[in-house]
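Note sheet for the following structure.
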Amino acid sequence: IVRDLATRRRLIQAAGTVAALGYGGDERAIPKAFEAILAVQPQGDHALLSPQDMGELMLAEYTHRQAKGDLTLSWGWDLVDAMTGGLRPGLYLVGARPQVGKTTFVQQVATHIAQDRAVLFVSAEMPALDLGDRHLASLTRSEVRDLWRGQYGEDLWGKLQEGIAGLSELGIWWFAGRGMTSVDVRARAQEVNARSDKPLGLVVVDYLQLLADR
């Protein structure tokens, strides 16, 4: 609503400018009127930036970074951090062949980041219990199939109890189910940000193709 009202205000101002140009005797009335109309377009991610606009944008961004300090997060592996510069705000896609460990990889990244930040882990593929199996297998260095079998030995049972205690302390929030959309993911992210005592640092979606957006 606010954005729409701002666009309408710019349109009214542009109309006044065009009318004034029409009554005046400026030789460049037509190109100036064209510029005034173009300026009405909503300024979103696809805005055309002048050299001055770009300079102001970068100055504001660097001033923000200077005040906030390092805004990147670690992947949890020094080599990956060295190759990528760490996790910066934005979208990252993890792609590989089936059954090579994509979910396990992002769970390990989420576990690392969840030491200091809240993480929302979204699965449009697996139910929560299956996610828990994989996560606890990683935490306890066990095979998932051993967790499926039940009747755990004393050693594994002890590891599972420690793993569950650690899982409960981590800042990972879980959202699993089929038929969800990107709107659902955004709503859950906002909920986590409101309810968690840690700032939201990462949202994982496993995986994007299964979201029900049309």
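By convention in this document, the chains of the structure tokens carry letters A, B, ... by their order, each chain's residues are numbered from 1, and ligands are numbered from 1 in the order they are shown.
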Every residue of stretch 3-119 of chain A that DSSP places in alpha helix (DSSP H), as a PyMOL selection string: chain A and resi 3-23+29-38+51-68+78-84+102-113
Select from stretch 153-187 of chain A every residue with an atom at most 12 Å from any atom of stretch 138-149 of chain A, then for each give the shortest pair of atoms and their distance in Å to one decimal, using only C-alpha atoms, rows by chain and rising number, as CSV.
residue,atom,partner,partner_atom,distance
A:Gly153,CA,A:Asp146,CA,10.2
A:Asp155,CA,A:Thr140,CA,10.5
A:Leu156,CA,A:Ser142,CA,8.2
A:Trp157,CA,A:Leu147,CA,9.6
A:Gly158,CA,A:Thr140,CA,9.6
A:Lys159,CA,A:Thr140,CA,5.8
A:Leu160,CA,A:Thr140,CA,6.7
A:Gln161,CA,A:Thr140,CA,9.5
A:Glu162,CA,A:Thr140,CA,8.2
A:Gly163,CA,A:Leu139,CA,5.9
A:Ile164,CA,A:Leu139,CA,8.9
A:Ala165,CA,A:Leu139,CA,10.7
A:Gly166,CA,A:Leu139,CA,8.4
A:Leu167,CA,A:Leu139,CA,8.5
A:Leu170,CA,A:Leu139,CA,11.5
Print the selection's residues with C-alpha atoms to a file, as a short mmCIF file (atom, residue, chain, number, x, y, z; two decimals), in the first residue's frame.
data_model
loop_
_atom_site.label_atom_id
_atom_site.label_comp_id
_atom_site.auth_asym_id
_atom_site.auth_seq_id
_atom_site.Cartn_x
_atom_site.Cartn_y
_atom_site.Cartn_z
CA GLY A 153 23.00 -51.03 22.25
CA ASP A 155 26.81 -47.22 23.50
CA LEU A 156 24.49 -46.05 20.70
CA TRP A 157 21.68 -45.29 23.14
CA GLY A 158 24.02 -43.07 25.14
CA LYS A 159 25.13 -41.28 21.95
CA LEU A 160 21.52 -40.76 20.93
CA GLN A 161 20.62 -39.21 24.27
CA GLU A 162 23.59 -36.84 24.02
CA GLY A 163 22.69 -36.05 20.43
CA ILE A 164 19.06 -35.27 21.30
CA ALA A 165 20.21 -33.00 24.12
CA GLY A 166 22.50 -31.18 21.70
CA LEU A 167 19.74 -30.98 19.09
CA LEU A 170 20.80 -25.84 18.77
#
Distance in Å - atom CA of A:Gly179 versus atom CA of A:Leu136: 25.8 Å
d(atom CA of A:Tyr152, atom CA of A:Trp173) in Å: 26.8 Å
Within 12 Å of stretch 74-87 of chain A, which residues of stretch 91-153 of chain A show up? Give each one with its shortest atom-to-atom distance in Å (one decimal) and the two atoms involved, counting only C-alpha atoms, rows by chain then rising residue number, as a tab-separated table.
residue	atom	partner	partner_atom	distance
A:Leu91	CA	A:Leu87	CA	9.6
A:Tyr92	CA	A:Leu87	CA	8.8
A:Phe105	CA	A:Trp75	CA	10.2
A:Val106	CA	A:Trp75	CA	9.4
A:Gln107	CA	A:Trp75	CA	11.0
A:Gln108	CA	A:Gly76	CA	8.0
A:Val109	CA	A:Trp75	CA	5.6
A:Ala110	CA	A:Trp75	CA	8.5
A:Thr111	CA	A:Gly76	CA	8.8
A:His112	CA	A:Gly76	CA	5.7
A:Ile113	CA	A:Ser74	CA	7.2
A:Ala114	CA	A:Gly76	CA	10.8
A:Gln115	CA	A:Gly76	CA	10.7
A:Asp116	CA	A:Ser74	CA	10.9
A:Arg117	CA	A:Ser74	CA	11.4
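For A:Arg188, the list of residues within 12 Å, based on only C-alpha atoms and with local chain neighbours fewer than 4 positions off taken out, reads Val119, Leu120, Phe121, Val122, Trp173, Trp174, Phe175, Ala176, Met180, Thr181, Ser182, Val183, Asp184, Val192, Asn193, Ala194, Arg195, Ser196, Leu200, Val203, Val204 and Val205 of chain A.
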Atom CA of A:Leu71 to atom CA of A:Lys198, distance in Å rounded to a single decimal: 15.3 Å
